[in-house]
Amino acid sequence: MEKDTHFILGVYDDEDVLLHAVEQVRGTGVKIHEVYSPYPVHGLEHVLGYKRSKLPIAAFLFGLLGTTLALTMQFYMMKFDWPMIIGGKDHGAFPDFIPVTFELTVLLASFGMVAVFMIVSNLKPWAQPRIFDVRSTDDKHIMAIDIANNSGLELDKIKEILTSSGATEVNNKSFE
């Protein structure tokens with residue numbers, strides 16, 4: 001069976017039931033593909049076992065790149081390319097460089113974070129989103145389990161685990 005094409009969906013009404021269900025389902029050895037919720041659920045990422053994001057590291061590196069480019073650009077322009085004496089100061093007066101350096105640091109850090117987030121999240125302008133259940137944008141919480149990742153378990157066993165964990169519905173979903 002192909003990976004990321006056939007799923008079993010557990011539909012939950014309450015976020016507390018969902019949190020306990022995730023713990024229970026993961027405790028039985030079932031690998032959860034993703035949990036979809038109409039609003040952020042506090043503690044869900046911890047229960048799912050997600051690690052801390054590396055986005056702050058990318059922000060720091062892009063900010064460092066912005067600082068380096070700003071200082072290099074200004075120093076080159078003011079010292080070599082077009083030296084000007086402004087206000088009687090030296091050509092390479094560092095305090096004059098601070099505003100532009102700050103702005104370029106913030107600009108590159110923010111654009112870099114957005115680009116890294118889009119790449120990591122696989123958000124492409126031409127991509128079609130996968131909607132597992134339309135109600136996940138309204139009032140239901142959806143737990144998606146990829147059947148191919150749980151090939152050691154029978155479908156009926158997974159459905160039984162979802163039902164016993166508090167799912168109000170258990171559905172199949174296929175993407176072709």
# chains A, B, ... in the order shown; residues from 1 in each chain; ligands from 1
$ closest_atom_pairs --of "segment 65-145 of chain A" --to "segment 7-16 of chain A" --cutoff "6 Å" --atoms "only C-alpha atoms" --output "tab-separated table"
residue	atom	partner	partner_atom	distance
A:Lys140	CA	A:Asp13	CA	5.3
A:His141	CA	A:Tyr12	CA	5.0
A:Ile142	CA	A:Val11	CA	4.8
A:Met143	CA	A:Gly10	CA	5.0
A:Ala144	CA	A:Leu9	CA	4.7
A:Ile145	CA	A:Ile8	CA	5.2
$ write_last_selection --atoms "C-alpha atoms" --output "PDB file, in the first residue's frame"
ATOM      1  CA  LYS A 140     -14.165  18.768  15.106  1.00  0.00           C
ATOM      2  CA  HIS A 141     -10.701  17.432  15.866  1.00  0.00           C
ATOM      3  CA  ILE A 142      -9.345  14.884  13.388  1.00  0.00           C
ATOM      4  CA  MET A 143      -6.656  12.268  14.069  1.00  0.00           C
ATOM      5  CA  ALA A 144      -5.239  10.912  10.798  1.00  0.00           C
ATOM      6  CA  ILE A 145      -3.467   7.557  10.820  1.00  0.00           C
TER       7      ILE A 145
END
$ select_by_dssp --residues "chain A" --states "strand (DSSP E)" --output "PyMOL selection string"
chain A and resi 6-12+34-36+141-146+169-174
$ write_last_selection --atoms "N, CA and C atoms" --output "PDB file, in the first residue's frame"
ATOM      1  N   HIS A   6      -3.693   6.413   1.904  1.00  0.00           N
ATOM      2  CA  HIS A   6      -4.849   5.798   2.557  1.00  0.00           C
ATOM      3  C   HIS A   6      -4.749   6.033   4.067  1.00  0.00           C
ATOM      4  N   PHE A   7      -5.829   6.589   4.622  1.00  0.00           N
ATOM      5  CA  PHE A   7      -5.822   6.979   6.030  1.00  0.00           C
ATOM      6  C   PHE A   7      -7.068   6.485   6.749  1.00  0.00           C
ATOM      7  N   ILE A   8      -6.929   6.316   8.053  1.00  0.00           N
ATOM      8  CA  ILE A   8      -8.072   6.102   8.929  1.00  0.00           C
ATOM      9  C   ILE A   8      -8.186   7.358   9.772  1.00  0.00           C
ATOM     10  N   LEU A   9      -9.388   7.919   9.844  1.00  0.00           N
ATOM     11  CA  LEU A   9      -9.604   9.165  10.565  1.00  0.00           C
ATOM     12  C   LEU A   9     -10.443   8.927  11.804  1.00  0.00           C
ATOM     13  N   GLY A  10      -9.967   9.427  12.921  1.00  0.00           N
ATOM     14  CA  GLY A  10     -10.750   9.434  14.142  1.00  0.00           C
ATOM     15  C   GLY A  10     -11.258  10.843  14.365  1.00  0.00           C
ATOM     16  N   VAL A  11     -12.560  11.017  14.535  1.00  0.00           N
ATOM     17  CA  VAL A  11     -13.175  12.332  14.710  1.00  0.00           C
ATOM     18  C   VAL A  11     -13.529  12.501  16.187  1.00  0.00           C
ATOM     19  N   TYR A  12     -13.072  13.605  16.781  1.00  0.00           N
ATOM     20  CA  TYR A  12     -13.291  13.875  18.209  1.00  0.00           C
ATOM     21  C   TYR A  12     -14.012  15.204  18.381  1.00  0.00           C
ATOM     22  N   GLU A  34      -0.990  12.753  11.637  1.00  0.00           N
ATOM     23  CA  GLU A  34      -1.175  14.153  12.021  1.00  0.00           C
ATOM     24  C   GLU A  34      -2.503  14.304  12.746  1.00  0.00           C
ATOM     25  N   VAL A  35      -2.612  15.365  13.531  1.00  0.00           N
ATOM     26  CA  VAL A  35      -3.869  15.706  14.197  1.00  0.00           C
ATOM     27  C   VAL A  35      -4.268  17.093  13.721  1.00  0.00           C
ATOM     28  N   TYR A  36      -5.495  17.232  13.248  1.00  0.00           N
ATOM     29  CA  TYR A  36      -6.003  18.501  12.737  1.00  0.00           C
ATOM     30  C   TYR A  36      -7.050  19.040  13.694  1.00  0.00           C
ATOM     31  N   HIS A 141     -12.124  17.737  15.844  1.00  0.00           N
ATOM     32  CA  HIS A 141     -10.701  17.432  15.866  1.00  0.00           C
ATOM     33  C   HIS A 141     -10.512  16.106  15.137  1.00  0.00           C
ATOM     34  N   ILE A 142      -9.541  16.062  14.224  1.00  0.00           N
ATOM     35  CA  ILE A 142      -9.345  14.884  13.388  1.00  0.00           C
ATOM     36  C   ILE A 142      -7.962  14.292  13.655  1.00  0.00           C
ATOM     37  N   MET A 143      -7.919  12.989  13.932  1.00  0.00           N
ATOM     38  CA  MET A 143      -6.656  12.268  14.069  1.00  0.00           C
ATOM     39  C   MET A 143      -6.511  11.387  12.833  1.00  0.00           C
ATOM     40  N   ALA A 144      -5.476  11.669  12.030  1.00  0.00           N
ATOM     41  CA  ALA A 144      -5.239  10.912  10.798  1.00  0.00           C
ATOM     42  C   ALA A 144      -4.143   9.886  11.040  1.00  0.00           C
ATOM     43  N   ILE A 145      -4.425   8.649  10.671  1.00  0.00           N
ATOM     44  CA  ILE A 145      -3.467   7.557  10.820  1.00  0.00           C
ATOM     45  C   ILE A 145      -3.212   6.971   9.441  1.00  0.00           C
ATOM     46  N   ASP A 146      -1.949   7.013   9.020  1.00  0.00           N
ATOM     47  CA  ASP A 146      -1.558   6.469   7.716  1.00  0.00           C
ATOM     48  C   ASP A 146      -1.517   4.941   7.819  1.00  0.00           C
ATOM     49  N   GLU A 169     -16.541   9.243  15.580  1.00  0.00           N
ATOM     50  CA  GLU A 169     -16.641   8.606  14.257  1.00  0.00           C
ATOM     51  C   GLU A 169     -15.274   8.062  13.884  1.00  0.00           C
ATOM     52  N   VAL A 170     -15.271   7.017  13.096  1.00  0.00           N
ATOM     53  CA  VAL A 170     -14.040   6.485  12.513  1.00  0.00           C
ATOM     54  C   VAL A 170     -14.327   6.295  11.024  1.00  0.00           C
ATOM     55  N   ASN A 171     -13.550   6.997  10.188  1.00  0.00           N
ATOM     56  CA  ASN A 171     -13.781   6.983   8.742  1.00  0.00           C
ATOM     57  C   ASN A 171     -12.513   6.604   7.996  1.00  0.00           C
ATOM     58  N   ASN A 172     -12.675   6.173   6.770  1.00  0.00           N
ATOM     59  CA  ASN A 172     -11.553   5.934   5.857  1.00  0.00           C
ATOM     60  C   ASN A 172     -11.470   7.094   4.904  1.00  0.00           C
ATOM     61  N   LYS A 173     -10.223   7.454   4.527  1.00  0.00           N
ATOM     62  CA  LYS A 173     -10.000   8.536   3.562  1.00  0.00           C
ATOM     63  C   LYS A 173      -8.870   8.131   2.637  1.00  0.00           C
ATOM     64  N   SER A 174      -9.099   8.277   1.324  1.00  0.00           N
ATOM     65  CA  SER A 174      -8.067   7.956   0.331  1.00  0.00           C
ATOM     66  C   SER A 174      -7.810   9.163  -0.555  1.00  0.00           C
TER      67      SER A 174
END
$ select_by_dssp --residues "chain A" --states "alpha helix (DSSP H)" --output "NGL selection string"
:A and (15-27 or 44-48 or 55-76 or 94-120 or 155-164)
$ atom_distance --atom1 "atom CA of Leu19 of chain A" --atom2 "atom CA of Lys31 of chain A"
15.0 Å
$ closest_residue --among "A:Arg135, A:Arg130, A:His46, A:Lys3" --to "Ile147 of chain A" --atoms "only C-alpha atoms"
A:Lys3
$ closest_residue --among "A:Thr67, A:Ser37, A:Gln24, A:Ser53" --to "Phe117 of chain A" --atoms "only C-alpha atoms"
A:Ser53
$ residues_around --residues "Thr101 of chain A" --least-positions-apart "4" --cutoff "7 Å" --atoms "only C-alpha atoms" --output "list of chain:residue names"
A:Thr67, A:Ala70, A:Leu71, A:Phe97, A:Thr105
$ write_last_selection --atoms "N, CA, C and O atoms" --output "PDB file, in the first residue's frame"
ATOM      1  N   THR A  67      23.275  41.282   8.836  1.00  0.00           N
ATOM      2  CA  THR A  67      24.237  42.171   9.496  1.00  0.00           C
ATOM      3  C   THR A  67      25.541  42.225   8.713  1.00  0.00           C
ATOM      4  O   THR A  67      26.093  43.306   8.469  1.00  0.00           O
ATOM      5  N   ALA A  70      25.034  44.115   5.400  1.00  0.00           N
ATOM      6  CA  ALA A  70      24.844  45.552   5.618  1.00  0.00           C
ATOM      7  C   ALA A  70      26.164  46.239   5.949  1.00  0.00           C
ATOM      8  O   ALA A  70      26.485  47.290   5.378  1.00  0.00           O
ATOM      9  N   LEU A  71      26.917  45.663   6.859  1.00  0.00           N
ATOM     10  CA  LEU A  71      28.192  46.281   7.241  1.00  0.00           C
ATOM     11  C   LEU A  71      29.186  46.254   6.087  1.00  0.00           C
ATOM     12  O   LEU A  71      29.884  47.252   5.830  1.00  0.00           O
ATOM     13  N   PHE A  97      26.462  53.527  10.578  1.00  0.00           N
ATOM     14  CA  PHE A  97      26.022  52.295   9.924  1.00  0.00           C
ATOM     15  C   PHE A  97      24.919  51.565  10.704  1.00  0.00           C
ATOM     16  O   PHE A  97      24.293  50.654  10.168  1.00  0.00           O
ATOM     17  N   THR A 105      19.246  43.593   8.890  1.00  0.00           N
ATOM     18  CA  THR A 105      19.230  42.388   9.735  1.00  0.00           C
ATOM     19  C   THR A 105      17.804  41.892   9.918  1.00  0.00           C
ATOM     20  O   THR A 105      17.509  40.709   9.741  1.00  0.00           O
TER      21      THR A 105
END
